[in-house]
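Colleague: Sending over a structure as structure tokens; questions will come in a sec.
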Amino acid sequence: MTSTAGRELHLTIGSRFENIELVQAVVDDALREGGATEDARHWIGLALREAVANAIKHGNLQDPEKQVEIQANFAPEEVEIRIDDEGAGFDPQGVVDPLAPENLFRASGRGIFYMRKFMDEVEFESGPSGGTRLRLRKRLVPVTNATNER
Amino acid sequence: MTSTAGRELHLTIGSRFENIELVQAVVDDALREGGATEDARHWIGLALREAVANAIKHGNLQDPEKQVEIQANFAPEEVEIRIDDEGAGFDPQGVVDPLAPENLFRASGRGIFYMRKFMDEVEFESGPSGGTRLRLRKRLVPVTNATNER
Amino acid sequence: MKITKREKNGVTILEVEGKVTIGKGDVVLREAVLQAIGEGPAKLLINLGEVTTIDSSGVGELVSAYTTVTNRGGKLKLVNMPPKVSDILQITQLITVFEVFETEDEAVQSF
Amino acid sequence: MKITKREKNGVTILEVEGKVTIGKGDVVLREAVLQAIGEGPAKLLINLGEVTTIDSSGVGELVSAYTTVTNRGGKLKLVNMPPKVSDILQITQLITVFEVFETEDEAVQSF
Ligand SMILES: Nc1ncnc2c1ncn2[C@@H]1O[C@H](COP(=O)(O)OP(=O)(O)O)[C@@H](O)[C@H]1O
Ligand SMILES: Nc1ncnc2c1ncn2[C@@H]1O[C@H](COP(=O)(O)OP(=O)(O)O)[C@@H](O)[C@H]1O
């Protein structure tokens with residue numbers, strides 16, 4: 001396995017949904033080169049998509065001039081991804097439970113719930129510029145005999 | 001074409017040749033998402049590989065504790081990539097011409113020459129920490145009317 | 001993302017391919033569903049076999065499609081769900097909301 | 001990166017696949033060449049048809065292989081060069097150094 005130790009990745013994008021593809025592709029490359037399993041890559045990628053979608057939609061209100069910053073740190077057995085937006089911030093306590101019967105048929109409100117299922121830790125804080133800073137963490141199980149040559 | 005405007009990518013890797021794969025993959029994702037032509041992506045990718053290889057080999061002398069930093073900026077019609085190493089720096093004037101008859105059969109000495117062929121601009125400076133800072137620039141032709149890209 | 005529409009024994013089948021995700025795939029799915037069901041009660045079967053990624057927006061569109069079709073007295077069912085898509089619906093307890101089939105023939109006969 | 005060795009009418013053919021690049025592909029190529037040519041004069045044909053990327057280190061290994069084989073009285077030729085690999089050798093004026101063939105049969109007959 002190629003070690004991911006000490007790798008850092010930092011990405012700044014304008015607030016357009018299509019930029020989610022780039023963020024996922026880039027982080028996926030780093031995870032694959034680091035020998036993460038297909039499954040780990042899939043679920044981390046989905047959590048990341050939800051996080052960046054929220055930053056674009058609810059944080060930056062889709063203003064393409066506003067930026068989303070993604071900082072990923074790859075330790076040997078853990079990945080941490082930090083997502084910052086330029087929005088007004090929000091209180092995660094106020095988020096409703098998508099499993100409550102009255103919410104089951106709603107068209108939205110499942111993003112954060114999915115993130116918590118896919119990752120080991122999901123933390124919201126207020127970012128340095130007043131926007132939302134979200135941290136996603138997941139422990140990685142090394143693939144012992146991963147052949148990541150192409 | 002998806003606009004690359006305002007995109008920035010920053011990557012830090014340990015000095016191992018295998019990390020070149022990650023750097024190329026990540027920058028290639030950004031170029032592809034930005035609508036760069038296959039050809040442009042190919043030549044930029046090769047120049048970048050040479051640049052990072054030199055930073056790892058000649059700059060950081062393959063000490064895996066020493067880092068190479070890659071900063072890529074995507075303007076609508078230009079990409080600029082900056083590569084910093086933690087080496088002792090060097091004088092690019094001292095580099096020999098690989099086309100000179102006495103050098104034609106040498107096993108090395110073609111990397112910088114290739115970079116200059118593949119990119120529009122190649123600039124060496126002394127980096128903030130005394131290592132080499134290399135800037136690669138290439139103008140991009142939007143995919144719609146690209147004909148004779150290299 | 002691509003959607004192909006077919007008919008089989010009076011059932012409208014939408015074959016969905018690619019990413020059902022925010023900003024593009026979700027919108028395309030919504031439009032395809034609205035266009036497919038028309039005004040009256042519809043028999044709609046969505047084939048998810050070629051879906052590579054679905055996010056919460058895509059899931060939201062499936063739920064919206066379900067309520068729209070059901071409210072008009074029609075039926076919406078799902079077929080050919082890849083394991084990772086099925087996981088996604090399971091996690092938010094939607095798998096029990098939808099009638100899900102393994103094969104298209106079974107699904108079509110059930111309407 | 002993968003190299004397969006074959007023989008055809010007394011010519012040793014190395015089929016190279018993947019990336020001939022610094023740190024891995026270049027080393028594998030060097031070892032395969034040294035192992036293939038042995039001590040005496042060799043007839044070596046390198047098939048580059050499946051090479052996806054070659055960098056200056058890979059090019060350097062091709063040049064080293066050429067000088068090693070030639071110095072021992074042998075011959076090294078190239079066949080099946082993808083356009084982008086050919087461009088790379090052209091840029092550093094090495095394309096004229098190597099004898100390059102389009103098909104393996106032509107190349108083998110030329111030895
Ligand atoms: N980055 C953010 N900035 C501001 N508000 C946010 C942010 N992320 C989430 N929210 C709030 O949390 C709510 C729940 O988010 P989520 O569970 O992802 O569902 P959805 O995005 O479908 O509404 C959002 O509707 C929004 O009000
Ligand atoms: N980042 C760097 N730090 C120190 N020296 C460098 C660096 N990049 C290039 N050089 C010097 O320039 C020379 C020529 O580099 P290049 O043309 O890439 O050929 P090669 O790497 O095959 O020697 C190297 O041999 C080295 O002495």
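In the structure tokens, chains take the letters A, B, ... in the order shown, each chain's residues start at 1, and ligands count up from 1 in the order shown.
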For range 31-43 of chain D, please output as a VMD selection string all residues within 6 Å (counting only C-alpha atoms; exclusion window: fewer than 4 positions along the same chain).
Modeller: chain D and resid 11 72 to 75
Colleague: At a cut-off of 7 Å around ligand 1, and using only C-alpha atoms and all ligand atoms, what residues come up? Please write them as a ChimeraX atom specification.
Modeller: /A:50,54-55,58-59,85,87-90,92,95,108-113,132 /C:56-57
Colleague: For the structure I just gave you, how does DSSP split chain C - specifically, which residues are strand (DSSP E)? Reply as a ChimeraX atom specification.
Modeller: /C:2-8,11-20,43-54,75-79,99-101
Colleague: As a ChimeraX atom specification, list the residues of range 23-81 of chain D assigned to alpha helix (DSSP H) by DSSP on the backbone atoms of this structure.
Modeller: /D:25-37,56-71
Colleague: Skip Val79 in chain B itself and residues of its chain fewer than 6 positions away, then list as a VMD selection string all residues within 6 Å of it, counting only C-alpha atoms.
Modeller: chain B and resid 73 137 to 138
Colleague: Restrict the selected residues to N, CA and C atoms and save them as a compact mmCIF listing (two decimals), in the first residue's frame.
Modeller:
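Listing of again_25.txt after writing:
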```txt
# COMPACT_ATOMS: atom_id res chain seq x y z
N ASN B 73 -3.66 27.16 -10.37
CA ASN B 73 -4.71 28.17 -10.51
C ASN B 73 -5.30 28.06 -11.91
N ARG B 137 3.17 27.68 -17.05
CA ARG B 137 1.94 28.32 -17.51
C ARG B 137 1.56 27.81 -18.89
N LYS B 138 0.27 27.66 -19.09
CA LYS B 138 -0.18 27.31 -20.44
C LYS B 138 -1.52 27.95 -20.71
```
Colleague: Give me the residues near Asp84 in chain A as a list in words, where near means some atom within 7 Å (using only C-alpha atoms) and where sequence neighbours in that chain fewer than 2 positions away do not count.
Modeller: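 So, after excluding close chain neighbours, the residues are Val68, Glu69, Ile70, Arg82, Glu86, Gly127, Gly131, Thr132, Arg133 and Leu134 of chain A.
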